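*Asks:* Here you go, this is entry_37.cif (mmCIF, C-alpha atoms).
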data_start
loop_
_atom_site.group_PDB
_atom_site.id
_atom_site.type_symbol
_atom_site.label_atom_id
_atom_site.label_comp_id
_atom_site.auth_asym_id
_atom_site.auth_seq_id
_atom_site.Cartn_x
_atom_site.Cartn_y
_atom_site.Cartn_z
ATOM 1 C CA MET Q 621 111.132 -168.423 -63.028
ATOM 2 C CA GLY Q 622 111.294 -165.711 -60.376
ATOM 3 C CA PHE Q 623 114.080 -164.972 -57.913
ATOM 4 C CA TRP Q 624 112.561 -166.833 -54.940
ATOM 5 C CA HIS Q 625 111.571 -169.827 -57.069
ATOM 6 C CA PHE Q 626 115.150 -170.036 -58.309
ATOM 7 C CA LEU Q 627 116.494 -169.910 -54.740
ATOM 8 C CA PHE Q 628 114.069 -172.565 -53.481
ATOM 9 C CA VAL Q 629 115.096 -174.993 -56.212
ATOM 10 C CA ARG Q 630 118.835 -174.292 -56.023
ATOM 11 C CA VAL Q 631 118.967 -174.587 -52.237
ATOM 12 C CA ALA Q 632 116.840 -177.752 -52.382
ATOM 13 C CA LEU Q 633 119.479 -179.275 -54.656
ATOM 14 C CA PHE Q 634 122.175 -178.275 -52.175
ATOM 15 C CA TYR Q 635 120.327 -180.162 -49.415
ATOM 16 C CA LEU Q 636 119.951 -183.187 -51.697
ATOM 17 C CA VAL Q 637 123.728 -183.346 -52.121
ATOM 18 C CA TYR Q 638 124.263 -182.693 -48.394
ATOM 19 C CA ALA Q 639 121.904 -185.545 -47.427
ATOM 20 C CA ALA Q 640 123.590 -187.897 -49.907
ATOM 21 C CA LEU Q 641 127.017 -186.940 -48.578
ATOM 22 C CA LEU Q 642 125.927 -187.584 -44.985
ATOM 23 C CA GLY Q 643 124.476 -190.944 -45.991
ATOM 24 C CA THR Q 644 127.767 -191.909 -47.604
ATOM 25 C CA LEU Q 645 129.782 -190.744 -44.586
ATOM 26 C CA PHE Q 646 127.643 -192.980 -42.349
ATOM 27 C CA TYR Q 647 129.121 -196.032 -44.081
ATOM 28 C CA LEU Q 648 132.664 -194.713 -43.859
ATOM 29 C CA PHE Q 649 132.371 -193.410 -40.277
ATOM 30 C CA PRO Q 650 129.604 -195.320 -38.448
ATOM 31 C CA GLY Q 651 130.095 -193.190 -35.325
ATOM 32 C CA LEU Q 652 128.482 -190.262 -37.129
ATOM 33 C CA VAL Q 653 125.129 -192.028 -37.409
ATOM 34 C CA GLY Q 654 124.060 -191.316 -33.825
ATOM 35 C CA PRO Q 655 124.446 -187.542 -33.728
ATOM 36 C CA PHE Q 656 123.640 -186.940 -37.418
ATOM 37 C CA ARG Q 657 120.780 -189.351 -38.208
ATOM 38 C CA GLN Q 658 118.010 -186.805 -37.559
ATOM 39 C CA SER Q 659 119.938 -184.133 -39.451
ATOM 40 C CA HIS Q 660 120.303 -186.491 -42.399
ATOM 41 C CA VAL Q 661 116.559 -187.179 -42.490
ATOM 42 C CA HIS Q 662 115.616 -183.539 -41.936
ATOM 43 C CA ALA Q 663 117.982 -182.315 -44.665
ATOM 44 C CA GLY Q 664 116.446 -184.808 -47.094
ATOM 45 C CA LEU Q 665 112.792 -184.346 -46.225
ATOM 46 C CA VAL Q 666 112.594 -180.662 -45.315
ATOM 47 C CA GLY Q 667 115.704 -179.309 -47.016
ATOM 48 C CA PHE Q 668 115.281 -181.113 -50.307
ATOM 49 C CA PHE Q 669 111.768 -182.482 -50.673
ATOM 50 C CA LEU Q 670 109.645 -179.849 -48.914
ATOM 51 C CA GLN Q 671 111.722 -176.962 -50.235
ATOM 52 C CA MET Q 672 111.496 -178.301 -53.785
ATOM 53 C CA VAL Q 673 107.727 -178.698 -53.440
ATOM 54 C CA MET Q 674 107.359 -175.164 -52.087
ATOM 55 C CA GLY Q 675 109.535 -173.631 -54.782
ATOM 56 C CA VAL Q 676 107.789 -175.436 -57.614
ATOM 57 C CA ALA Q 677 104.349 -174.691 -56.131
ATOM 58 C CA TYR Q 678 105.132 -170.970 -55.870
ATOM 59 C CA TRP Q 679 106.437 -171.071 -59.426
ATOM 60 C CA MET Q 680 103.791 -173.233 -61.129
ATOM 61 C CA MET Q 681 100.525 -172.816 -59.223
ATOM 62 C CA PRO Q 682 98.052 -170.496 -60.933
ATOM 63 C CA ARG Q 683 98.030 -166.826 -59.939
ATOM 64 C CA PRO Q 684 94.366 -165.837 -60.020
ATOM 65 C CA GLY Q 685 93.988 -162.284 -61.247
ATOM 66 C CA GLY Q 686 97.769 -161.934 -61.678
ATOM 67 C CA LEU Q 687 98.337 -162.369 -57.928
ATOM 68 C CA ARG Q 688 101.892 -161.464 -56.819
ATOM 69 C CA GLN Q 689 103.249 -162.981 -53.622
ATOM 70 C CA ASP Q 690 106.921 -161.980 -53.577
ATOM 71 C CA ARG Q 691 106.892 -161.088 -49.876
ATOM 72 C CA LEU Q 692 105.203 -164.346 -48.885
ATOM 73 C CA GLU Q 693 107.631 -166.314 -51.038
ATOM 74 C CA GLY Q 694 110.583 -164.520 -49.436
ATOM 75 C CA LEU Q 695 109.241 -165.019 -45.900
ATOM 76 C CA THR Q 696 108.683 -168.708 -46.551
ATOM 77 C CA PHE Q 697 112.217 -169.121 -47.887
ATOM 78 C CA VAL Q 698 113.898 -167.176 -45.077
ATOM 79 C CA PHE Q 699 111.917 -168.792 -42.235
ATOM 80 C CA LEU Q 700 112.317 -172.311 -43.633
ATOM 81 C CA ASN Q 701 116.048 -172.039 -44.223
ATOM 82 C CA ALA Q 702 116.835 -170.159 -41.021
ATOM 83 C CA GLY Q 703 115.021 -172.834 -39.016
ATOM 84 C CA LEU Q 704 116.576 -175.655 -40.982
ATOM 85 C CA LEU Q 705 120.130 -174.320 -40.747
ATOM 86 C CA LEU Q 706 119.699 -173.726 -37.027
ATOM 87 C CA ARG Q 707 118.514 -177.287 -36.546
ATOM 88 C CA LEU Q 708 121.179 -178.885 -38.730
ATOM 89 C CA SER Q 709 123.976 -176.990 -37.014
ATOM 90 C CA LEU Q 710 122.831 -177.509 -33.394
ATOM 91 C CA GLU Q 711 121.032 -180.851 -33.268
ATOM 92 C CA PRO Q 712 124.151 -183.059 -33.435
ATOM 93 C CA PHE Q 713 125.519 -181.272 -30.345
ATOM 94 C CA TYR Q 714 122.176 -181.527 -28.560
ATOM 95 C CA LEU Q 715 122.079 -185.270 -29.226
ATOM 96 C CA ARG Q 716 125.526 -185.563 -27.664
ATOM 97 C CA GLY Q 717 124.215 -184.156 -24.391
ATOM 98 C CA HIS Q 718 124.218 -180.357 -24.689
ATOM 99 C CA GLU Q 719 120.772 -179.811 -23.136
ATOM 100 C CA GLY Q 720 121.187 -176.033 -23.156
ATOM 101 C CA LEU Q 721 120.539 -176.055 -26.902
ATOM 102 C CA ARG Q 722 116.916 -177.169 -26.468
ATOM 103 C CA PRO Q 723 115.451 -173.602 -26.629
ATOM 104 C CA TRP Q 724 117.389 -172.905 -29.825
ATOM 105 C CA LEU Q 725 116.052 -176.105 -31.350
ATOM 106 C CA GLY Q 726 112.583 -174.976 -30.296
ATOM 107 C CA LEU Q 727 113.226 -171.740 -32.162
ATOM 108 C CA SER Q 728 114.305 -173.705 -35.230
ATOM 109 C CA GLY Q 729 111.046 -175.637 -35.116
ATOM 110 C CA ALA Q 730 109.048 -172.435 -34.665
ATOM 111 C CA LEU Q 731 110.741 -170.875 -37.710
ATOM 112 C CA GLN Q 732 109.943 -173.922 -39.823
ATOM 113 C CA LEU Q 733 106.355 -173.858 -38.566
ATOM 114 C CA LEU Q 734 106.099 -170.169 -39.520
ATOM 115 C CA ALA Q 735 107.386 -170.995 -42.996
ATOM 116 C CA THR Q 736 104.756 -173.709 -43.313
ATOM 117 C CA LEU Q 737 101.970 -171.379 -42.158
ATOM 118 C CA VAL Q 738 103.033 -168.623 -44.571
ATOM 119 C CA PHE Q 739 103.177 -171.159 -47.407
ATOM 120 C CA ALA Q 740 99.744 -172.567 -46.530
ATOM 121 C CA PHE Q 741 98.276 -169.050 -46.453
ATOM 122 C CA ALA Q 742 99.820 -168.211 -49.831
ATOM 123 C CA MET Q 743 98.626 -171.429 -51.447
ATOM 124 C CA HIS Q 744 95.150 -170.948 -49.957
ATOM 125 C CA GLN Q 745 94.903 -167.730 -51.977
ATOM 126 C CA ARG Q 746 95.858 -169.549 -55.176
ATOM 127 C CA VAL Q 747 93.595 -172.582 -54.931
ATOM 128 C CA VAL Q 748 90.427 -171.577 -56.758
ATOM 129 C CA THR Q 749 87.788 -173.356 -58.810
ATOM 130 C CA GLY Q 750 86.872 -172.549 -62.389
ATOM 131 C CA ASP Q 751 83.643 -171.003 -61.140
ATOM 132 C CA MET Q 752 85.569 -168.732 -58.764
ATOM 133 C CA LEU Q 753 87.864 -167.647 -61.624
ATOM 134 C CA ARG Q 754 84.851 -166.872 -63.804
ATOM 135 C CA LYS Q 755 83.305 -164.733 -61.047
ATOM 136 C CA MET Q 756 86.602 -162.903 -60.509
ATOM 137 C CA ARG Q 757 86.852 -162.172 -64.245
ATOM 138 C CA GLU Q 758 83.252 -160.919 -64.362
ATOM 139 C CA ALA Q 759 83.852 -158.649 -61.355
ATOM 140 C CA ARG Q 760 86.983 -157.249 -63.031
ATOM 141 C CA GLU Q 761 85.056 -156.598 -66.231
ATOM 142 C CA ARG Q 762 82.270 -154.789 -64.317
ATOM 143 C CA ARG Q 763 84.826 -152.558 -62.577
ATOM 144 C CA GLY Q 764 86.485 -151.794 -65.924
ATOM 145 C CA ARG Q 765 83.274 -150.367 -67.450
#
As structure tokens, what does this structure read like?
*Replies:*
Amino acid sequence: MGFWHFLFVRVALFYLVYAALLGTLFYLFPGLVGPFRQSHVHAGLVGFFLQMVMGVAYWMMPRPGGLRQDRLEGLTFVFLNAGLLLRLSLEPFYLRGHEGLRPWLGLSGALQLLATLVFAFAMHQRVVTGDMLRKMREARERRGR
């Protein structure tokens, strides 16, 4: 498991615990539900689920021709977590009436969108058919002669 894969999985587990903690606090302090409901859902779905999927996909998906994507993995991780942390830290205040935070929340969404686009691009390079792999191997063998 590479460095970025490790970080994706470890941070995903952090968000799992965070989402579970928020869910528990909702029962103890019902007043928190209003400003933190979206954060709770976003931490669970994006922070845990999506991040776990991305980390495992980067780790386990085939690497045709020994493809290395360390920079794309790092960009995905940084954009996703920067956007997510920005959203989780500001959204409760925005929901309590601080309208001036809207542009920052837009930035958080843009960062998460960038992470998704980088991930989609990286996975697009890895999704190949058996026929495509055979042709790549043949081309490599011809170049090696």
*Asks:* Determine, for each residue of stretch 642-710 of chain Q having at least one atom at most 9 Å from an atom of stretch 718-729 of chain Q, the closest pair of atoms and their separation in Å to one decimal, counting all atoms listed in the file; order by chain and ascending number, as JSON lines.
*Replies:*
{"residue": "Q:Phe699", "atom": "CA", "partner": "Q:Ser728", "partner_atom": "CA", "distance": 8.9}
{"residue": "Q:Leu700", "atom": "CA", "partner": "Q:Ser728", "partner_atom": "CA", "distance": 8.7}
{"residue": "Q:Ala702", "atom": "CA", "partner": "Q:Ser728", "partner_atom": "CA", "distance": 7.2}
{"residue": "Q:Gly703", "atom": "CA", "partner": "Q:Ser728", "partner_atom": "CA", "distance": 4.0}
{"residue": "Q:Leu704", "atom": "CA", "partner": "Q:Ser728", "partner_atom": "CA", "distance": 6.5}
{"residue": "Q:Leu705", "atom": "CA", "partner": "Q:Ser728", "partner_atom": "CA", "distance": 8.0}
{"residue": "Q:Leu706", "atom": "CA", "partner": "Q:Ser728", "partner_atom": "CA", "distance": 5.7}
{"residue": "Q:Arg707", "atom": "CA", "partner": "Q:Ser728", "partner_atom": "CA", "distance": 5.7}
{"residue": "Q:Leu710", "atom": "CA", "partner": "Q:Leu721", "partner_atom": "CA", "distance": 7.0}
*Asks:* Can you give me, as a VMD selection string, the residues this file yields under the PyMOL selection byres ((chain Q and resi 672) around 12)?
*Replies:* chain Q and resid 624 to 636 663 to 671 673 to 680 697 700
*Asks:* Suppose you want the space between atom CA of Q:Gln658 and atom CA of Q:Glu711; what is it in Å?
*Replies:*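 Computing the Euclidean distance for atom CA of Q:Gln658 and atom CA of Q:Glu711 yields 7.9 Å.
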*Asks:* Which is closest to Q:Phe623 among Q:Pro684, Q:Leu641, Q:Tyr647, Q:Gly694, if we use all atoms listed in the file?
*Replies:*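 Smallest separation from Q:Phe623 among the options: Q:Gly694.
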*Asks:* Between Q:Gly654, Q:Gly764, Q:Gly750, Q:Gly685, single out the one closest to Q:Leu642, counting all atoms listed in the file.
*Replies:*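 Counting all atoms listed in the file, the residue closest to Q:Leu642 is Q:Gly654.
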*Asks:* Would you mind completing stretch 710-721 of chain Q so that it carries all heavy atoms, and writing it out as a PDB file, in the coordinates of the input?
*Replies:*
ATOM      1  N   LEU Q 710     122.854-177.307 -34.845  1.00  0.00           N
ATOM      2  CA  LEU Q 710     122.831-177.509 -33.394  1.00  0.00           C
ATOM      3  C   LEU Q 710     122.424-178.912 -32.947  1.00  0.00           C
ATOM      4  O   LEU Q 710     122.859-179.369 -31.896  1.00  0.00           O
ATOM      5  CB  LEU Q 710     121.900-176.493 -32.737  1.00  0.00           C
ATOM      6  CG  LEU Q 710     122.282-175.033 -32.877  1.00  0.00           C
ATOM      7  CD1 LEU Q 710     121.265-174.157 -32.181  1.00  0.00           C
ATOM      8  CD2 LEU Q 710     123.679-174.778 -32.350  1.00  0.00           C
ATOM      9  N   GLU Q 711     121.581-179.563 -33.715  1.00  0.00           N
ATOM     10  CA  GLU Q 711     121.032-180.851 -33.268  1.00  0.00           C
ATOM     11  C   GLU Q 711     122.083-181.917 -32.976  1.00  0.00           C
ATOM     12  O   GLU Q 711     121.960-182.639 -31.978  1.00  0.00           O
ATOM     13  CB  GLU Q 711     120.016-181.368 -34.277  1.00  0.00           C
ATOM     14  CG  GLU Q 711     119.222-182.545 -33.747  1.00  0.00           C
ATOM     15  CD  GLU Q 711     118.048-182.863 -34.629  1.00  0.00           C
ATOM     16  OE1 GLU Q 711     118.223-182.929 -35.864  1.00  0.00           O
ATOM     17  OE2 GLU Q 711     116.948-183.027 -34.081  1.00  0.00           O
ATOM     18  N   PRO Q 712     123.145-182.050 -33.776  1.00  0.00           N
ATOM     19  CA  PRO Q 712     124.151-183.059 -33.435  1.00  0.00           C
ATOM     20  C   PRO Q 712     124.774-182.832 -32.046  1.00  0.00           C
ATOM     21  O   PRO Q 712     125.039-183.785 -31.313  1.00  0.00           O
ATOM     22  CB  PRO Q 712     125.201-182.924 -34.542  1.00  0.00           C
ATOM     23  CG  PRO Q 712     124.444-182.356 -35.693  1.00  0.00           C
ATOM     24  CD  PRO Q 712     123.423-181.442 -35.081  1.00  0.00           C
ATOM     25  N   PHE Q 713     124.968-181.580 -31.666  1.00  0.00           N
ATOM     26  CA  PHE Q 713     125.519-181.272 -30.345  1.00  0.00           C
ATOM     27  C   PHE Q 713     124.499-181.565 -29.251  1.00  0.00           C
ATOM     28  O   PHE Q 713     124.841-182.081 -28.190  1.00  0.00           O
ATOM     29  CB  PHE Q 713     125.977-179.814 -30.270  1.00  0.00           C
ATOM     30  CG  PHE Q 713     127.084-179.502 -31.224  1.00  0.00           C
ATOM     31  CD1 PHE Q 713     126.833-178.778 -32.385  1.00  0.00           C
ATOM     32  CD2 PHE Q 713     128.373-179.946 -30.983  1.00  0.00           C
ATOM     33  CE1 PHE Q 713     127.855-178.496 -33.276  1.00  0.00           C
ATOM     34  CE2 PHE Q 713     129.406-179.665 -31.866  1.00  0.00           C
ATOM     35  CZ  PHE Q 713     129.138-178.943 -33.023  1.00  0.00           C
ATOM     36  N   TYR Q 714     123.248-181.241 -29.518  1.00  0.00           N
ATOM     37  CA  TYR Q 714     122.176-181.527 -28.560  1.00  0.00           C
ATOM     38  C   TYR Q 714     122.082-183.035 -28.308  1.00  0.00           C
ATOM     39  O   TYR Q 714     121.951-183.465 -27.162  1.00  0.00           O
ATOM     40  CB  TYR Q 714     120.840-180.987 -29.086  1.00  0.00           C
ATOM     41  CG  TYR Q 714     119.668-181.377 -28.239  1.00  0.00           C
ATOM     42  CD1 TYR Q 714     119.442-180.767 -27.014  1.00  0.00           C
ATOM     43  CD2 TYR Q 714     118.794-182.374 -28.646  1.00  0.00           C
ATOM     44  CE1 TYR Q 714     118.372-181.136 -26.217  1.00  0.00           C
ATOM     45  CE2 TYR Q 714     117.723-182.745 -27.872  1.00  0.00           C
ATOM     46  CZ  TYR Q 714     117.516-182.132 -26.654  1.00  0.00           C
ATOM     47  OH  TYR Q 714     116.457-182.497 -25.861  1.00  0.00           O
ATOM     48  N   LEU Q 715     122.177-183.810 -29.359  1.00  0.00           N
ATOM     49  CA  LEU Q 715     122.079-185.270 -29.226  1.00  0.00           C
ATOM     50  C   LEU Q 715     123.288-185.871 -28.518  1.00  0.00           C
ATOM     51  O   LEU Q 715     123.231-187.011 -28.068  1.00  0.00           O
ATOM     52  CB  LEU Q 715     121.891-185.920 -30.600  1.00  0.00           C
ATOM     53  CG  LEU Q 715     120.556-185.614 -31.277  1.00  0.00           C
ATOM     54  CD1 LEU Q 715     120.539-186.149 -32.697  1.00  0.00           C
ATOM     55  CD2 LEU Q 715     119.402-186.168 -30.459  1.00  0.00           C
ATOM     56  N   ARG Q 716     124.347-185.109 -28.407  1.00  0.00           N
ATOM     57  CA  ARG Q 716     125.526-185.563 -27.664  1.00  0.00           C
ATOM     58  C   ARG Q 716     125.513-185.044 -26.236  1.00  0.00           C
ATOM     59  O   ARG Q 716     126.513-185.117 -25.539  1.00  0.00           O
ATOM     60  CB  ARG Q 716     126.788-185.150 -28.387  1.00  0.00           C
ATOM     61  CG  ARG Q 716     126.847-185.803 -29.776  1.00  0.00           C
ATOM     62  CD  ARG Q 716     128.160-185.742 -30.342  1.00  0.00           C
ATOM     63  NE  ARG Q 716     128.836-186.983 -29.945  1.00  0.00           N
ATOM     64  CZ  ARG Q 716     130.004-187.356 -30.374  1.00  0.00           C
ATOM     65  NH1 ARG Q 716     130.654-186.578 -31.202  1.00  0.00           N
ATOM     66  NH2 ARG Q 716     130.539-188.475 -29.989  1.00  0.00           N
ATOM     67  N   GLY Q 717     124.364-184.494 -25.793  1.00  0.00           N
ATOM     68  CA  GLY Q 717     124.215-184.156 -24.391  1.00  0.00           C
ATOM     69  C   GLY Q 717     124.206-182.688 -24.033  1.00  0.00           C
ATOM     70  O   GLY Q 717     124.152-182.352 -22.857  1.00  0.00           O
ATOM     71  N   HIS Q 718     124.246-181.792 -24.977  1.00  0.00           N
ATOM     72  CA  HIS Q 718     124.218-180.357 -24.689  1.00  0.00           C
ATOM     73  C   HIS Q 718     122.770-179.882 -24.551  1.00  0.00           C
ATOM     74  O   HIS Q 718     122.196-179.301 -25.470  1.00  0.00           O
ATOM     75  CB  HIS Q 718     124.943-179.575 -25.789  1.00  0.00           C
ATOM     76  CG  HIS Q 718     126.407-179.846 -25.827  1.00  0.00           C
ATOM     77  ND1 HIS Q 718     126.941-180.909 -26.521  1.00  0.00           N
ATOM     78  CD2 HIS Q 718     127.444-179.202 -25.247  1.00  0.00           C
ATOM     79  CE1 HIS Q 718     128.251-180.899 -26.381  1.00  0.00           C
ATOM     80  NE2 HIS Q 718     128.585-179.867 -25.610  1.00  0.00           N
ATOM     81  N   GLU Q 719     122.191-180.122 -23.386  1.00  0.00           N
ATOM     82  CA  GLU Q 719     120.772-179.811 -23.136  1.00  0.00           C
ATOM     83  C   GLU Q 719     120.450-178.332 -23.265  1.00  0.00           C
ATOM     84  O   GLU Q 719     119.313-177.969 -23.545  1.00  0.00           O
ATOM     85  CB  GLU Q 719     120.367-180.291 -21.744  1.00  0.00           C
ATOM     86  CG  GLU Q 719     120.104-181.772 -21.646  1.00  0.00           C
ATOM     87  CD  GLU Q 719     118.839-182.192 -22.374  1.00  0.00           C
ATOM     88  OE1 GLU Q 719     117.845-181.441 -22.341  1.00  0.00           O
ATOM     89  OE2 GLU Q 719     118.863-183.270 -22.972  1.00  0.00           O
ATOM     90  N   GLY Q 720     121.421-177.468 -23.069  1.00  0.00           N
ATOM     91  CA  GLY Q 720     121.187-176.033 -23.156  1.00  0.00           C
ATOM     92  C   GLY Q 720     120.771-175.556 -24.542  1.00  0.00           C
ATOM     93  O   GLY Q 720     120.315-174.429 -24.705  1.00  0.00           O
ATOM     94  N   LEU Q 721     120.909-176.425 -25.534  1.00  0.00           N
ATOM     95  CA  LEU Q 721     120.539-176.055 -26.902  1.00  0.00           C
ATOM     96  C   LEU Q 721     119.054-176.267 -27.188  1.00  0.00           C
ATOM     97  O   LEU Q 721     118.570-175.868 -28.249  1.00  0.00           O
ATOM     98  CB  LEU Q 721     121.369-176.863 -27.905  1.00  0.00           C
ATOM     99  CG  LEU Q 721     122.873-176.606 -27.865  1.00  0.00           C
ATOM    100  CD1 LEU Q 721     123.606-177.548 -28.804  1.00  0.00           C
ATOM    101  CD2 LEU Q 721     123.161-175.154 -28.226  1.00  0.00           C
TER     102      LEU Q 721
END
